[in-house]
$ cat my_file-v7.pdb   # PDB, C-alpha atoms
ATOM      1  CA  MET V   1      78.761 117.156 114.400  1.00  0.00           C
ATOM      2  CA  LEU V   2      77.719 117.404 110.746  1.00  0.00           C
ATOM      3  CA  PRO V   3      80.584 119.770 109.759  1.00  0.00           C
ATOM      4  CA  PHE V   4      83.019 117.373 111.437  1.00  0.00           C
ATOM      5  CA  LEU V   5      81.689 114.425 109.421  1.00  0.00           C
ATOM      6  CA  ARG V   6      81.646 116.552 106.275  1.00  0.00           C
ATOM      7  CA  SER V   7      85.368 117.205 106.729  1.00  0.00           C
ATOM      8  CA  PHE V   8      85.968 113.469 106.300  1.00  0.00           C
ATOM      9  CA  ARG V   9      84.106 113.573 103.004  1.00  0.00           C
ATOM     10  CA  TYR V  10      86.437 116.330 101.820  1.00  0.00           C
ATOM     11  CA  ALA V  11      89.472 114.384 103.019  1.00  0.00           C
ATOM     12  CA  PHE V  12      88.387 111.250 101.146  1.00  0.00           C
ATOM     13  CA  ARG V  13      87.724 113.345  98.057  1.00  0.00           C
ATOM     14  CA  GLY V  14      91.281 114.676  98.368  1.00  0.00           C
ATOM     15  CA  LEU V  15      92.577 111.126  98.706  1.00  0.00           C
ATOM     16  CA  ALA V  16      90.693 110.162  95.539  1.00  0.00           C
ATOM     17  CA  LEU V  17      92.364 113.091  93.765  1.00  0.00           C
ATOM     18  CA  CYS V  18      95.769 111.893  94.978  1.00  0.00           C
ATOM     19  CA  LEU V  19      95.013 108.436  93.602  1.00  0.00           C
ATOM     20  CA  ARG V  20      94.661 110.003  90.156  1.00  0.00           C
ATOM     21  CA  GLU V  21      98.352 110.915  90.326  1.00  0.00           C
ATOM     22  CA  ARG V  22     100.663 108.266  88.882  1.00  0.00           C
ATOM     23  CA  ASN V  23     103.522 108.968  91.292  1.00  0.00           C
ATOM     24  CA  PHE V  24     101.202 108.659  94.304  1.00  0.00           C
ATOM     25  CA  ARG V  25     100.007 105.288  92.997  1.00  0.00           C
ATOM     26  CA  PHE V  26     103.635 104.241  92.417  1.00  0.00           C
ATOM     27  CA  HIS V  27     104.587 104.966  96.032  1.00  0.00           C
ATOM     28  CA  LEU V  28     101.399 103.336  97.274  1.00  0.00           C
ATOM     29  CA  ALA V  29     102.047 100.159  95.266  1.00  0.00           C
ATOM     30  CA  LEU V  30     105.659  99.888  96.438  1.00  0.00           C
ATOM     31  CA  SER V  31     104.517 100.355 100.015  1.00  0.00           C
ATOM     32  CA  ALA V  32     101.838  97.698  99.602  1.00  0.00           C
ATOM     33  CA  TYR V  33     104.417  95.175  98.383  1.00  0.00           C
ATOM     34  CA  MET V  34     106.796  96.013 101.208  1.00  0.00           C
ATOM     35  CA  TYR V  35     104.123  95.686 103.886  1.00  0.00           C
ATOM     36  CA  GLY V  36     102.698  92.621 102.179  1.00  0.00           C
ATOM     37  CA  PHE V  37     106.047  90.819 102.331  1.00  0.00           C
ATOM     38  CA  LEU V  38     106.663  91.953 105.891  1.00  0.00           C
ATOM     39  CA  LEU V  39     103.255  90.840 107.143  1.00  0.00           C
ATOM     40  CA  ALA V  40     102.891  87.634 105.123  1.00  0.00           C
ATOM     41  CA  TYR V  41     106.183  86.096 106.165  1.00  0.00           C
ATOM     42  CA  ASP V  42     107.784  85.984 109.593  1.00  0.00           C
ATOM     43  CA  TRP V  43     111.335  86.034 108.263  1.00  0.00           C
ATOM     44  CA  PHE V  44     111.787  89.769 108.764  1.00  0.00           C
ATOM     45  CA  VAL V  45     112.180  90.667 112.420  1.00  0.00           C
ATOM     46  CA  LEU V  46     111.246  94.221 113.330  1.00  0.00           C
ATOM     47  CA  SER V  47     110.718  95.836 116.700  1.00  0.00           C
ATOM     48  CA  ARG V  48     107.714  98.033 117.400  1.00  0.00           C
ATOM     49  CA  GLY V  49     109.923 101.081 116.999  1.00  0.00           C
ATOM     50  CA  GLU V  50     111.178  99.860 113.634  1.00  0.00           C
ATOM     51  CA  TRP V  51     107.588  99.251 112.490  1.00  0.00           C
ATOM     52  CA  ALA V  52     106.724 102.765 113.612  1.00  0.00           C
ATOM     53  CA  ALA V  53     109.689 104.175 111.663  1.00  0.00           C
ATOM     54  CA  LEU V  54     108.625 102.341 108.473  1.00  0.00           C
ATOM     55  CA  ILE V  55     105.047 103.527 108.845  1.00  0.00           C
ATOM     56  CA  LEU V  56     106.188 107.105 109.427  1.00  0.00           C
ATOM     57  CA  VAL V  57     108.524 107.241 106.427  1.00  0.00           C
ATOM     58  CA  THR V  58     105.814 105.701 104.244  1.00  0.00           C
ATOM     59  CA  ALA V  59     103.339 108.319 105.428  1.00  0.00           C
ATOM     60  CA  LEU V  60     105.929 111.039 104.885  1.00  0.00           C
ATOM     61  CA  VAL V  61     106.446 110.067 101.234  1.00  0.00           C
ATOM     62  CA  LEU V  62     102.689 109.906 100.581  1.00  0.00           C
ATOM     63  CA  LEU V  63     102.246 113.229 102.388  1.00  0.00           C
ATOM     64  CA  ALA V  64     104.954 114.815 100.245  1.00  0.00           C
ATOM     65  CA  GLU V  65     103.231 113.493  97.108  1.00  0.00           C
ATOM     66  CA  ALA V  66      99.909 114.930  98.287  1.00  0.00           C
ATOM     67  CA  PHE V  67     101.468 118.326  98.998  1.00  0.00           C
ATOM     68  CA  ASN V  68     103.220 118.260  95.624  1.00  0.00           C
ATOM     69  CA  THR V  69      99.885 117.570  93.939  1.00  0.00           C
ATOM     70  CA  ALA V  70      98.346 120.497  95.842  1.00  0.00           C
ATOM     71  CA  ILE V  71     101.239 122.786  94.890  1.00  0.00           C
ATOM     72  CA  GLU V  72     100.886 121.850  91.223  1.00  0.00           C
ATOM     73  CA  ALA V  73      97.134 122.522  91.302  1.00  0.00           C
ATOM     74  CA  ILE V  74      97.588 125.920  92.944  1.00  0.00           C
ATOM     75  CA  VAL V  75     100.358 126.912  90.529  1.00  0.00           C
ATOM     76  CA  ASP V  76      98.225 125.874  87.551  1.00  0.00           C
ATOM     77  CA  LEU V  77      95.333 127.902  88.960  1.00  0.00           C
ATOM     78  CA  VAL V  78      97.256 131.117  89.490  1.00  0.00           C
ATOM     79  CA  SER V  79      99.588 130.787  86.518  1.00  0.00           C
ATOM     80  CA  PRO V  80      98.020 128.907  83.592  1.00  0.00           C
ATOM     81  CA  GLN V  81     100.806 130.087  81.268  1.00  0.00           C
ATOM     82  CA  ARG V  82     104.388 128.870  81.603  1.00  0.00           C
ATOM     83  CA  GLN V  83     106.258 131.099  84.012  1.00  0.00           C
ATOM     84  CA  PRO V  84     109.755 130.615  85.475  1.00  0.00           C
ATOM     85  CA  LEU V  85     108.505 131.073  89.053  1.00  0.00           C
ATOM     86  CA  ALA V  86     105.649 128.621  88.485  1.00  0.00           C
ATOM     87  CA  ALA V  87     108.127 126.051  87.178  1.00  0.00           C
ATOM     88  CA  LYS V  88     110.367 126.721  90.167  1.00  0.00           C
ATOM     89  CA  ALA V  89     107.511 126.077  92.618  1.00  0.00           C
ATOM     90  CA  LYS V  90     106.624 122.824  90.884  1.00  0.00           C
ATOM     91  CA  ASP V  91     110.250 121.705  90.737  1.00  0.00           C
ATOM     92  CA  VAL V  92     110.775 122.401  94.443  1.00  0.00           C
ATOM     93  CA  GLY V  93     107.625 120.419  95.258  1.00  0.00           C
ATOM     94  CA  ALA V  94     108.943 117.503  93.211  1.00  0.00           C
ATOM     95  CA  ALA V  95     112.330 117.812  94.939  1.00  0.00           C
ATOM     96  CA  ALA V  96     110.609 117.512  98.323  1.00  0.00           C
ATOM     97  CA  VAL V  97     109.074 114.223  97.210  1.00  0.00           C
ATOM     98  CA  LEU V  98     112.462 113.041  95.965  1.00  0.00           C
ATOM     99  CA  VAL V  99     114.167 113.892  99.275  1.00  0.00           C
ATOM    100  CA  CYS V 100     111.447 112.092 101.242  1.00  0.00           C
ATOM    101  CA  SER V 101     111.660 109.081  98.925  1.00  0.00           C
ATOM    102  CA  ILE V 102     115.436 108.842  99.253  1.00  0.00           C
ATOM    103  CA  GLY V 103     115.100 109.068 103.026  1.00  0.00           C
ATOM    104  CA  ALA V 104     112.428 106.363 103.016  1.00  0.00           C
ATOM    105  CA  VAL V 105     114.577 104.058 100.893  1.00  0.00           C
ATOM    106  CA  ALA V 106     117.546 104.652 103.208  1.00  0.00           C
ATOM    107  CA  ALA V 107     115.390 103.892 106.258  1.00  0.00           C
ATOM    108  CA  GLY V 108     113.958 100.811 104.555  1.00  0.00           C
ATOM    109  CA  VAL V 109     117.382  99.476 103.601  1.00  0.00           C
ATOM    110  CA  THR V 110     118.678 100.135 107.104  1.00  0.00           C
ATOM    111  CA  LEU V 111     115.743  98.358 108.751  1.00  0.00           C
ATOM    112  CA  LEU V 112     115.155  95.588 106.224  1.00  0.00           C
ATOM    113  CA  TYR V 113     118.694  94.579 105.311  1.00  0.00           C
ATOM    114  CA  GLN V 114     118.393  91.101 106.764  1.00  0.00           C
ATOM    115  CA  PRO V 115     120.204  88.694 104.411  1.00  0.00           C
ATOM    116  CA  ALA V 116     118.786  85.580 106.086  1.00  0.00           C
ATOM    117  CA  ALA V 117     115.252  86.844 105.548  1.00  0.00           C
ATOM    118  CA  PHE V 118     115.893  87.536 101.870  1.00  0.00           C
ATOM    119  CA  ARG V 119     117.439  84.084 101.434  1.00  0.00           C
ATOM    120  CA  ALA V 120     114.368  82.508 103.043  1.00  0.00           C
ATOM    121  CA  LEU V 121     112.078  84.557 100.801  1.00  0.00           C
ATOM    122  CA  TRP V 122     114.037  83.535  97.698  1.00  0.00           C
ATOM    123  CA  ALA V 123     113.972  79.863  98.720  1.00  0.00           C
ATOM    124  CA  TYR V 124     110.236  80.070  99.371  1.00  0.00           C
ATOM    125  CA  TYR V 125     109.525  81.288  95.844  1.00  0.00           C
ATOM    126  CA  GLN V 126     111.946  78.806  94.293  1.00  0.00           C
ATOM    127  CA  GLN V 127     110.140  75.937  95.996  1.00  0.00           C
ATOM    128  CA  ARG V 128     106.681  77.229  95.055  1.00  0.00           C
ATOM    129  CA  PRO V 129     106.507  78.156  91.375  1.00  0.00           C
ATOM    130  CA  GLY V 130     102.768  78.752  91.682  1.00  0.00           C
ATOM    131  CA  MET V 131     103.363  81.458  94.265  1.00  0.00           C
ATOM    132  CA  PHE V 132     106.037  82.949  92.031  1.00  0.00           C
ATOM    133  CA  ALA V 133     103.521  83.024  89.163  1.00  0.00           C
ATOM    134  CA  LEU V 134     100.976  84.669  91.475  1.00  0.00           C
ATOM    135  CA  LEU V 135     103.562  87.284  92.417  1.00  0.00           C
ATOM    136  CA  ALA V 136     104.188  87.941  88.709  1.00  0.00           C
ATOM    137  CA  VAL V 137     100.454  88.383  88.102  1.00  0.00           C
ATOM    138  CA  THR V 138     100.196  90.843  90.981  1.00  0.00           C
ATOM    139  CA  LEU V 139     103.132  92.784  89.535  1.00  0.00           C
ATOM    140  CA  ILE V 140     101.246  93.068  86.249  1.00  0.00           C
ATOM    141  CA  GLY V 141      98.216  94.271  88.197  1.00  0.00           C
ATOM    142  CA  ALA V 142     100.388  96.776  90.052  1.00  0.00           C
ATOM    143  CA  ALA V 143     101.792  98.063  86.772  1.00  0.00           C
ATOM    144  CA  TRP V 144      98.247  98.570  85.489  1.00  0.00           C
ATOM    145  CA  PHE V 145      97.332 100.314  88.762  1.00  0.00           C
ATOM    146  CA  ILE V 146     100.314 102.642  88.455  1.00  0.00           C
ATOM    147  CA  TRP V 147     100.370 103.394  84.724  1.00  0.00           C
ATOM    148  CA  GLY V 148      96.940 102.367  83.462  1.00  0.00           C
ATOM    149  CA  ILE V 149      94.483 104.129  85.743  1.00  0.00           C
ATOM    150  CA  GLY V 150      93.611 107.715  84.991  1.00  0.00           C
ATOM    151  CA  ARG V 151      95.562 107.833  81.770  1.00  0.00           C
ATOM    152  CA  LYS V 152      94.206 110.538  79.504  1.00  0.00           C
ATOM    153  CA  LYS V 153      92.736 109.192  76.317  1.00  0.00           C
TER     154      LYS V 153
END

$ encode --input "my_file-v7.pdb" --output "structure tokens"
Amino acid sequence: MLPFLRSFRYAFRGLALCLRERNFRFHLALSAYMYGFLLAYDWFVLSRGEWAALILVTALVLLAEAFNTAIEAIVDLVSPQRQPLAAKAKDVGAAAVLVCSIGAVAAGVTLLYQPAAFRALWAYYQQRPGMFALLAVTLIGAAWFIWGIGRKK
């Protein structure tokens, strides 16, 4: 049982390493806003299958970012100097993240393009300037989370 529990420690350590990566934090923050809007307001209507699709594409993007981080670490380990093949491996890893991200955006637009819901959301924030200000503050916090954490000094 102990090795099984230890594997979770390694997994959480890997997650902490992913959180040091700016692009991982970027995708995480965007996902948090999307899910926050979807869960906080009942204007967006999604079936269980559509929820499952959103969750899967979100996980796919974060998974691609994690694999890209792993690829970059391995390449840096085996090839500390600049090498064309090392650059190629890193570029292909980044391309995988890009493809997953484009697919996730396409899925999100397909599932969330609900003009009435966006109009209701816009009206809500127009009628509640305090909530709009709170949203602005959270966006500043998100920007700090994405670009401020882990920055090399």

$ resolve_selection --input "my_file-v7.pdb" --expression "the PyMOL selection byres ((chain V and resi 3-15) around 12)" --output "list of chain:residue names"
V:Met1, V:Leu2, V:Ala16, V:Leu17, V:Cys18, V:Leu19, V:Arg20, V:Glu21, V:Phe24, V:Arg25, V:Leu28, V:Leu62, V:Leu63, V:Glu65, V:Ala66, V:Phe67, V:Thr69, V:Ala70

$ write_last_selection --input "my_file-v7.pdb" --atoms "C-alpha atoms" --output "PDB file, in the coordinates of the input"
ATOM      1  CA  MET V   1      78.761 117.156 114.400  1.00  0.00           C
ATOM      2  CA  LEU V   2      77.719 117.404 110.746  1.00  0.00           C
ATOM      3  CA  ALA V  16      90.693 110.162  95.539  1.00  0.00           C
ATOM      4  CA  LEU V  17      92.364 113.091  93.765  1.00  0.00           C
ATOM      5  CA  CYS V  18      95.769 111.893  94.978  1.00  0.00           C
ATOM      6  CA  LEU V  19      95.013 108.436  93.602  1.00  0.00           C
ATOM      7  CA  ARG V  20      94.661 110.003  90.156  1.00  0.00           C
ATOM      8  CA  GLU V  21      98.352 110.915  90.326  1.00  0.00           C
ATOM      9  CA  PHE V  24     101.202 108.659  94.304  1.00  0.00           C
ATOM     10  CA  ARG V  25     100.007 105.288  92.997  1.00  0.00           C
ATOM     11  CA  LEU V  28     101.399 103.336  97.274  1.00  0.00           C
ATOM     12  CA  LEU V  62     102.689 109.906 100.581  1.00  0.00           C
ATOM     13  CA  LEU V  63     102.246 113.229 102.388  1.00  0.00           C
ATOM     14  CA  GLU V  65     103.231 113.493  97.108  1.00  0.00           C
ATOM     15  CA  ALA V  66      99.909 114.930  98.287  1.00  0.00           C
ATOM     16  CA  PHE V  67     101.468 118.326  98.998  1.00  0.00           C
ATOM     17  CA  THR V  69      99.885 117.570  93.939  1.00  0.00           C
ATOM     18  CA  ALA V  70      98.346 120.497  95.842  1.00  0.00           C
TER      19      ALA V  70
END

$ residues_around --input "my_file-v7.pdb" --residues "Asp91 in chain V" --least-positions-apart "4" --cutoff "12 Å" --atoms "only C-alpha atoms" --output "list in words"
Asn68, Thr69, Ile71, Glu72, Val75, Pro84, Leu85, Ala86, Ala87, Ala95, Ala96, Val97 and Leu98 of chain V

$ residues_around --input "my_file-v7.pdb" --residues "range 39-49 of chain V" --least-positions-apart "3" --cutoff "12 Å" --atoms "only C-alpha atoms" --output "CSV table (one decimal) with C-alpha atoms, in the coordinates of the input"
chain,number,residue,atom,x,y,z
V,31,SER,CA,104.5,100.4,100.0
V,32,ALA,CA,101.8,97.7,99.6
V,33,TYR,CA,104.4,95.2,98.4
V,34,MET,CA,106.8,96.0,101.2
V,35,TYR,CA,104.1,95.7,103.9
V,36,GLY,CA,102.7,92.6,102.2
V,52,ALA,CA,106.7,102.8,113.6
V,53,ALA,CA,109.7,104.2,111.7
V,54,LEU,CA,108.6,102.3,108.5
V,55,ILE,CA,105.0,103.5,108.8
V,56,LEU,CA,106.2,107.1,109.4
V,108,GLY,CA,114.0,100.8,104.6
V,110,THR,CA,118.7,100.1,107.1
V,111,LEU,CA,115.7,98.4,108.8
V,112,LEU,CA,115.2,95.6,106.2
V,113,TYR,CA,118.7,94.6,105.3
V,114,GLN,CA,118.4,91.1,106.8
V,115,PRO,CA,120.2,88.7,104.4
V,116,ALA,CA,118.8,85.6,106.1
V,117,ALA,CA,115.3,86.8,105.5
V,118,PHE,CA,115.9,87.5,101.9
V,119,ARG,CA,117.4,84.1,101.4
V,120,ALA,CA,114.4,82.5,103.0
V,121,LEU,CA,112.1,84.6,100.8
V,122,TRP,CA,114.0,83.5,97.7
V,123,ALA,CA,114.0,79.9,98.7
V,124,TYR,CA,110.2,80.1,99.4
V,125,TYR,CA,109.5,81.3,95.8

$ atom_distance --input "my_file-v7.pdb" --atom1 "CA of Val61 in chain V" --atom2 "CA of Ile149 in chain V"
20.5 Å

$ atom_distance --input "my_file-v7.pdb" --atom1 "CA of Ala104 in chain V" --atom2 "CA of Val57 in chain V"
5.3 Å

$ atom_distance --input "my_file-v7.pdb" --atom1 "CA of Arg82 in chain V" --atom2 "CA of Asn23 in chain V"
22.2 Å

$ closest_residue --input "my_file-v7.pdb" --among "V:Ala64, V:Ala107, V:Val78, V:Arg128" --to "Gly93 in chain V" --atoms "all atoms listed in the file"
V:Ala64

$ closest_residue --input "my_file-v7.pdb" --among "V:Ala142, V:Val137, V:Ala89, V:Leu77" --to "Ala29 in chain V" --atoms "all atoms listed in the file"
V:Ala142

$ closest_residue --input "my_file-v7.pdb" --among "V:Gln81, V:Gly148, V:Leu135, V:His27" --to "Cys100 in chain V" --atoms "all atoms listed in the file"
V:His27
